[in-house]
Amino acid sequence: MSLTLTVDGPLWRSHLRSVADANPGLVPVAKGNGYGFGLGPLARRSAWLGVDTLAVGTYDELPEVASRFPGSLLVLTPFRPFSTLPSVSPDRLIHTVSRASDLVVLLAHEPRARYVLELATSMLRHGLDRGALLSLGALSGRCEGIALHLPLGTGSHLPEVERLINDVVGAGLAPATIWVSHLSDSELASLRSSYADFTFRPRIGTQLWLGCRSALQVTATVLDVHSVKRGDAFGYRGRTAPRAGHVVVVSGGTAHGIGLSAPNGASTLRARAATMARGGLDAAGFVRSPYTIDGQQRLFAEPPHMQASMLYLPGGVQAPEIGDDVAVRVRFTTTKFDHITLT
Ligand SMILES: *Cc1c(COP(=O)(O)O)cnc(C)c1O
């Protein structure tokens, strides 16, 4: 009765190991829903990988990982005067600081605080700009380096990173470590050779945990199957079947993050107009679901319910049996699985 993630353990572990081997200084990122796996399991897996630092998104996430991962814990969301700090030893905690005034508050609160200084990038999310960097002066506390959060896949990041590192050197700060996000392998290799005095530490989530999709299989259970004639009503909204076929009830609904629009569905207006012109089923208001039955992604019979979804199968399609597993495409970062099975 569940939405299940089945992980091919040997394949997944060998992928994790190969990402770690290819990225010396790797800092795994475990945040949010733990990329579908949960924060605790990712913390334990990071300990198994043998890395010395794990990154979490927020201070609130620390308690879930602190007892499962023994090393340093980097918080990616910048410290603010209103941040609620957890009871983790200051020797293990690495704060992200993105404003000079926050550094003053942090050090007043914890003079031995470890921190990284985040610089503003073209992301324009958080970070010190050049002027703020220059105004910092000598750093107190334990500065562990500079953090750069770069946008995803927007061509080469190198000119921007080089400019920022030059700003750091120009400001007279010479921290040995640059913590980076979203650089490609070749960009990292190039930076390591141009700036041999610095250590670059890539912070990686998606490519690490979700980079080997063939190791990850998501399935739902067929909970019920009803054969319908044209005009038969079903569902919360009393919709009627446009043609004879089946209504199939599968596990997985809004509580699991199953959305009305499936990833990779035909989404453009033009594609939709073309389907309507052909008199396709979405002309009757059906939307493509992420569930695959008999080799195709099927249509929702109506919007997903909280823990189950109703699908419409047109006549001629082989209906599944109650208890069968069906494949589901999900976005892992927004999915809550009922079960995770490691093979
Ligand atoms: C989430 C996050 C990451 C990891 O991002 P992925 O795309 O999942 O690898 C890295 N750095 C920062 C600052 C983040 O917030």
# chains A, B, ... in the order shown; residues from 1 in each chain; ligands from 1

$ residues_around --residues "Leu106 of chain A" --least-positions-apart "5" --cutoff "12 Å" --atoms "only C-alpha atoms" --output "list of chain:residue names"
A:Pro78, A:Phe79, A:Arg80, A:Pro81, A:Phe82, A:Ser83, A:Thr84, A:Leu85, A:Pro90, A:Ile94, A:His95, A:Thr96, A:Val97, A:Ser98, A:Arg99, A:Ala100, A:Ser101, A:Pro111, A:Arg112, A:Ala113, A:Arg114, A:Tyr115, A:Ser140, A:Gly141, A:Arg142

$ residues_near_ligand --ligand "ligand 1" --cutoff "6 Å" --atoms "only C-alpha atoms and all ligand atoms" --output "ChimeraX atom specification"
/A:29,76,149,181,203-207

$ write_last_selection --atoms "all heavy atoms" --output "mmCIF file, in the first residue's frame"
data_model
loop_
_atom_site.group_PDB
_atom_site.id
_atom_site.type_symbol
_atom_site.label_atom_id
_atom_site.label_comp_id
_atom_site.auth_asym_id
_atom_site.auth_seq_id
_atom_site.Cartn_x
_atom_site.Cartn_y
_atom_site.Cartn_z
ATOM 1 N N VAL A 29 26.009 17.076 0.741
ATOM 2 C CA VAL A 29 24.941 17.961 1.219
ATOM 3 C C VAL A 29 23.722 17.095 1.545
ATOM 4 O O VAL A 29 23.261 16.313 0.714
ATOM 5 C CB VAL A 29 24.568 19.015 0.151
ATOM 6 C CG1 VAL A 29 23.357 19.835 0.600
ATOM 7 C CG2 VAL A 29 25.755 19.931 -0.125
ATOM 8 N N LEU A 76 24.468 25.634 5.526
ATOM 9 C CA LEU A 76 24.548 26.417 4.287
ATOM 10 C C LEU A 76 23.777 27.734 4.357
ATOM 11 O O LEU A 76 24.148 28.714 3.727
ATOM 12 C CB LEU A 76 24.024 25.579 3.111
ATOM 13 C CG LEU A 76 24.846 24.327 2.785
ATOM 14 C CD1 LEU A 76 24.096 23.431 1.802
ATOM 15 C CD2 LEU A 76 26.206 24.714 2.229
ATOM 16 N N HIS A 149 28.500 30.054 -3.857
ATOM 17 C CA HIS A 149 27.338 29.291 -4.325
ATOM 18 C C HIS A 149 27.005 29.798 -5.717
ATOM 19 O O HIS A 149 26.524 30.912 -5.872
ATOM 20 C CB HIS A 149 26.172 29.513 -3.359
ATOM 21 C CG HIS A 149 24.975 28.672 -3.642
ATOM 22 N ND1 HIS A 149 23.722 28.998 -3.195
ATOM 23 C CD2 HIS A 149 24.829 27.520 -4.328
ATOM 24 C CE1 HIS A 149 22.864 28.070 -3.585
ATOM 25 N NE2 HIS A 149 23.503 27.167 -4.281
ATOM 26 N N SER A 181 30.050 25.370 -4.838
ATOM 27 C CA SER A 181 28.876 24.595 -5.218
ATOM 28 C C SER A 181 28.661 24.742 -6.708
ATOM 29 O O SER A 181 28.810 25.836 -7.251
ATOM 30 C CB SER A 181 27.633 25.116 -4.506
ATOM 31 O OG SER A 181 27.843 25.144 -3.115
ATOM 32 N N ARG A 203 30.758 21.135 -2.598
ATOM 33 C CA ARG A 203 29.576 20.747 -1.810
ATOM 34 C C ARG A 203 28.562 20.182 -2.796
ATOM 35 O O ARG A 203 28.078 20.887 -3.676
ATOM 36 C CB ARG A 203 29.015 21.977 -1.091
ATOM 37 C CG ARG A 203 30.083 22.628 -0.212
ATOM 38 C CD ARG A 203 29.602 23.901 0.423
ATOM 39 N NE ARG A 203 29.326 24.948 -0.534
ATOM 40 C CZ ARG A 203 28.979 26.191 -0.206
ATOM 41 N NH1 ARG A 203 28.861 26.523 1.068
ATOM 42 N NH2 ARG A 203 28.748 27.101 -1.135
ATOM 43 N N ILE A 204 28.280 18.902 -2.671
ATOM 44 C CA ILE A 204 27.488 18.215 -3.706
ATOM 45 C C ILE A 204 26.329 17.440 -3.081
ATOM 46 O O ILE A 204 26.523 16.681 -2.125
ATOM 47 C CB ILE A 204 28.377 17.241 -4.525
ATOM 48 C CG1 ILE A 204 29.576 17.986 -5.131
ATOM 49 C CG2 ILE A 204 27.557 16.573 -5.627
ATOM 50 C CD1 ILE A 204 30.529 17.105 -5.919
ATOM 51 N N GLY A 205 25.145 17.648 -3.623
ATOM 52 C CA GLY A 205 23.984 16.872 -3.203
ATOM 53 C C GLY A 205 23.469 16.004 -4.342
ATOM 54 O O GLY A 205 23.689 14.792 -4.412
ATOM 55 N N THR A 206 22.799 16.671 -5.288
ATOM 56 C CA THR A 206 22.100 15.954 -6.372
ATOM 57 C C THR A 206 22.987 14.946 -7.111
ATOM 58 O O THR A 206 22.620 13.784 -7.275
ATOM 59 C CB THR A 206 21.525 16.976 -7.378
ATOM 60 O OG1 THR A 206 20.713 17.902 -6.638
ATOM 61 C CG2 THR A 206 20.679 16.293 -8.428
ATOM 62 N N GLN A 207 24.150 15.411 -7.547
ATOM 63 C CA GLN A 207 25.007 14.531 -8.356
ATOM 64 C C GLN A 207 25.498 13.330 -7.533
ATOM 65 O O GLN A 207 25.704 12.240 -8.052
ATOM 66 C CB GLN A 207 26.197 15.353 -8.868
ATOM 67 C CG GLN A 207 27.147 14.608 -9.779
ATOM 68 C CD GLN A 207 28.567 15.160 -9.675
ATOM 69 O OE1 GLN A 207 28.791 16.302 -9.229
ATOM 70 N NE2 GLN A 207 29.542 14.357 -10.066
#

$ residues_around --residues "Glu162 of chain A" --least-positions-apart "6" --cutoff "10 Å" --atoms "only C-alpha atoms" --output "PyMOL selection string"
chain A and resi 168+191+194-195

$ closest_residue --among "A:Leu39, A:Cys143, A:Ala301, A:Ala132" --to "Pro314 of chain A" --atoms "only C-alpha atoms"
A:Ala301

$ closest_residue --among "A:His246, A:Leu107, A:Pro159, A:Leu164" --to "Ala120 of chain A" --atoms "only C-alpha atoms"
A:Leu164

$ closest_residue --among "A:Ser2, A:Ala171, A:Ala22, A:Ile322" --to "Ser184 of chain A" --atoms "only C-alpha atoms"
A:Ala22

$ residues_around --residues "Phe300 of chain A" --least-positions-apart "3" --cutoff "7 Å" --atoms "only C-alpha atoms" --output "list in words"
Phe286, Val287, Arg288, Ser289, Pro303, Met310, Leu311 and Tyr312 of chain A

$ residues_around --residues "Gln217 of chain A" --least-positions-apart "2" --cutoff "7 Å" --atoms "only C-alpha atoms" --output "list in words"
Leu5, Thr6, Val7, Ala215 and Thr219 of chain A

$ atom_distance --atom1 "atom CA of Asn166 of chain A" --atom2 "atom CA of Glu118 of chain A"
14.6 Å

$ residues_around --residues "Thr53 of chain A" --least-positions-apart "3" --cutoff "9 Å" --atoms "only C-alpha atoms" --output "PyMOL selection string"
chain A and resi 25-28+46+69-74+92

$ select_by_dssp --residues "segment 32-265 of chain A" --states "helix (DSSP H, G or I)" --output "NGL selection string"
:A and (34-36 or 39-49 or 59-66 or 100-109 or 130-134 or 158-170 or 185-194 or 206-209 or 213-215 or 254-256)

$ decode --residues "segment 212-224 of chain A" --atoms "all heavy atoms" --output "PDB file, in the first residue's frame"
ATOM      1  N   CYS A 212      23.021   8.426  -9.973  1.00  0.00           N
ATOM      2  CA  CYS A 212      22.980   7.119 -10.639  1.00  0.00           C
ATOM      3  C   CYS A 212      21.539   6.637 -10.602  1.00  0.00           C
ATOM      4  O   CYS A 212      21.151   5.850  -9.747  1.00  0.00           O
ATOM      5  CB  CYS A 212      23.924   6.140  -9.932  1.00  0.00           C
ATOM      6  SG  CYS A 212      23.947   4.493 -10.654  1.00  0.00           S
ATOM      7  N   ARG A 213      20.737   7.135 -11.550  1.00  0.00           N
ATOM      8  CA  ARG A 213      19.302   6.848 -11.519  1.00  0.00           C
ATOM      9  C   ARG A 213      18.999   5.372 -11.699  1.00  0.00           C
ATOM     10  O   ARG A 213      17.973   4.878 -11.242  1.00  0.00           O
ATOM     11  CB  ARG A 213      18.548   7.667 -12.573  1.00  0.00           C
ATOM     12  CG  ARG A 213      18.379   9.136 -12.202  1.00  0.00           C
ATOM     13  CD  ARG A 213      17.624   9.315 -10.887  1.00  0.00           C
ATOM     14  NE  ARG A 213      17.669  10.689 -10.439  1.00  0.00           N
ATOM     15  CZ  ARG A 213      16.699  11.582 -10.623  1.00  0.00           C
ATOM     16  NH1 ARG A 213      15.588  11.230 -11.227  1.00  0.00           N
ATOM     17  NH2 ARG A 213      16.826  12.817 -10.206  1.00  0.00           N
ATOM     18  N   SER A 214      19.917   4.651 -12.394  1.00  0.00           N
ATOM     19  CA  SER A 214      19.623   3.231 -12.617  1.00  0.00           C
ATOM     20  C   SER A 214      19.662   2.450 -11.308  1.00  0.00           C
ATOM     21  O   SER A 214      19.170   1.324 -11.232  1.00  0.00           O
ATOM     22  CB  SER A 214      20.584   2.643 -13.644  1.00  0.00           C
ATOM     23  OG  SER A 214      21.904   2.902 -13.251  1.00  0.00           O
ATOM     24  N   ALA A 215      20.236   3.043 -10.247  1.00  0.00           N
ATOM     25  CA  ALA A 215      20.262   2.361  -8.951  1.00  0.00           C
ATOM     26  C   ALA A 215      18.981   2.614  -8.155  1.00  0.00           C
ATOM     27  O   ALA A 215      18.804   2.053  -7.073  1.00  0.00           O
ATOM     28  CB  ALA A 215      21.477   2.822  -8.146  1.00  0.00           C
ATOM     29  N   LEU A 216      18.122   3.498  -8.682  1.00  0.00           N
ATOM     30  CA  LEU A 216      16.959   3.937  -7.907  1.00  0.00           C
ATOM     31  C   LEU A 216      15.673   3.616  -8.663  1.00  0.00           C
ATOM     32  O   LEU A 216      15.486   4.065  -9.791  1.00  0.00           O
ATOM     33  CB  LEU A 216      17.040   5.459  -7.669  1.00  0.00           C
ATOM     34  CG  LEU A 216      18.364   5.963  -7.103  1.00  0.00           C
ATOM     35  CD1 LEU A 216      18.380   7.485  -7.052  1.00  0.00           C
ATOM     36  CD2 LEU A 216      18.624   5.375  -5.718  1.00  0.00           C
ATOM     37  N   GLN A 217      14.817   2.843  -8.018  1.00  0.00           N
ATOM     38  CA  GLN A 217      13.575   2.458  -8.673  1.00  0.00           C
ATOM     39  C   GLN A 217      12.413   2.849  -7.776  1.00  0.00           C
ATOM     40  O   GLN A 217      12.408   2.517  -6.589  1.00  0.00           O
ATOM     41  CB  GLN A 217      13.607   0.945  -8.858  1.00  0.00           C
ATOM     42  CG  GLN A 217      12.760   0.469  -9.989  1.00  0.00           C
ATOM     43  CD  GLN A 217      12.519  -1.023  -9.898  1.00  0.00           C
ATOM     44  OE1 GLN A 217      13.219  -1.748  -9.182  1.00  0.00           O
ATOM     45  NE2 GLN A 217      11.505  -1.482 -10.590  1.00  0.00           N
ATOM     46  N   VAL A 218      11.445   3.566  -8.341  1.00  0.00           N
ATOM     47  CA  VAL A 218      10.301   4.016  -7.552  1.00  0.00           C
ATOM     48  C   VAL A 218       9.050   3.293  -8.031  1.00  0.00           C
ATOM     49  O   VAL A 218       8.754   3.279  -9.229  1.00  0.00           O
ATOM     50  CB  VAL A 218      10.110   5.535  -7.678  1.00  0.00           C
ATOM     51  CG1 VAL A 218       8.921   5.989  -6.837  1.00  0.00           C
ATOM     52  CG2 VAL A 218      11.371   6.265  -7.265  1.00  0.00           C
ATOM     53  N   THR A 219       8.344   2.681  -7.097  1.00  0.00           N
ATOM     54  CA  THR A 219       7.140   1.945  -7.476  1.00  0.00           C
ATOM     55  C   THR A 219       5.980   2.272  -6.537  1.00  0.00           C
ATOM     56  O   THR A 219       6.174   2.617  -5.371  1.00  0.00           O
ATOM     57  CB  THR A 219       7.378   0.416  -7.425  1.00  0.00           C
ATOM     58  OG1 THR A 219       7.932   0.079  -6.171  1.00  0.00           O
ATOM     59  CG2 THR A 219       8.283  -0.058  -8.542  1.00  0.00           C
ATOM     60  N   ALA A 220       4.782   2.143  -7.093  1.00  0.00           N
ATOM     61  CA  ALA A 220       3.558   2.267  -6.312  1.00  0.00           C
ATOM     62  C   ALA A 220       2.821   0.938  -6.430  1.00  0.00           C
ATOM     63  O   ALA A 220       3.145   0.108  -7.277  1.00  0.00           O
ATOM     64  CB  ALA A 220       2.703   3.399  -6.861  1.00  0.00           C
ATOM     65  N   THR A 221       1.826   0.758  -5.566  1.00  0.00           N
ATOM     66  CA  THR A 221       1.061  -0.481  -5.569  1.00  0.00           C
ATOM     67  C   THR A 221      -0.317  -0.226  -6.164  1.00  0.00           C
ATOM     68  O   THR A 221      -0.949   0.791  -5.851  1.00  0.00           O
ATOM     69  CB  THR A 221       0.881  -0.982  -4.119  1.00  0.00           C
ATOM     70  OG1 THR A 221       2.134  -0.913  -3.463  1.00  0.00           O
ATOM     71  CG2 THR A 221       0.366  -2.407  -4.078  1.00  0.00           C
ATOM     72  N   VAL A 222      -0.778  -1.148  -6.988  1.00  0.00           N
ATOM     73  CA  VAL A 222      -2.149  -1.054  -7.498  1.00  0.00           C
ATOM     74  C   VAL A 222      -3.081  -1.497  -6.377  1.00  0.00           C
ATOM     75  O   VAL A 222      -2.994  -2.615  -5.868  1.00  0.00           O
ATOM     76  CB  VAL A 222      -2.339  -1.951  -8.750  1.00  0.00           C
ATOM     77  CG1 VAL A 222      -3.808  -1.971  -9.186  1.00  0.00           C
ATOM     78  CG2 VAL A 222      -1.446  -1.459  -9.879  1.00  0.00           C
ATOM     79  N   LEU A 223      -3.961  -0.572  -5.957  1.00  0.00           N
ATOM     80  CA  LEU A 223      -4.833  -0.847  -4.804  1.00  0.00           C
ATOM     81  C   LEU A 223      -6.218  -1.309  -5.245  1.00  0.00           C
ATOM     82  O   LEU A 223      -6.911  -1.998  -4.504  1.00  0.00           O
ATOM     83  CB  LEU A 223      -4.986   0.429  -3.958  1.00  0.00           C
ATOM     84  CG  LEU A 223      -3.684   1.025  -3.419  1.00  0.00           C
ATOM     85  CD1 LEU A 223      -3.967   2.345  -2.699  1.00  0.00           C
ATOM     86  CD2 LEU A 223      -3.001   0.054  -2.473  1.00  0.00           C
ATOM     87  N   ASP A 224      -6.641  -0.893  -6.439  1.00  0.00           N
ATOM     88  CA  ASP A 224      -7.963  -1.292  -6.920  1.00  0.00           C
ATOM     89  C   ASP A 224      -8.042  -1.067  -8.422  1.00  0.00           C
ATOM     90  O   ASP A 224      -7.319  -0.228  -8.962  1.00  0.00           O
ATOM     91  CB  ASP A 224      -9.057  -0.481  -6.198  1.00  0.00           C
ATOM     92  CG  ASP A 224     -10.201  -1.380  -5.747  1.00  0.00           C
ATOM     93  OD1 ASP A 224     -10.472  -2.386  -6.459  1.00  0.00           O
ATOM     94  OD2 ASP A 224     -10.805  -1.084  -4.707  1.00  0.00           O
TER      95      ASP A 224
END
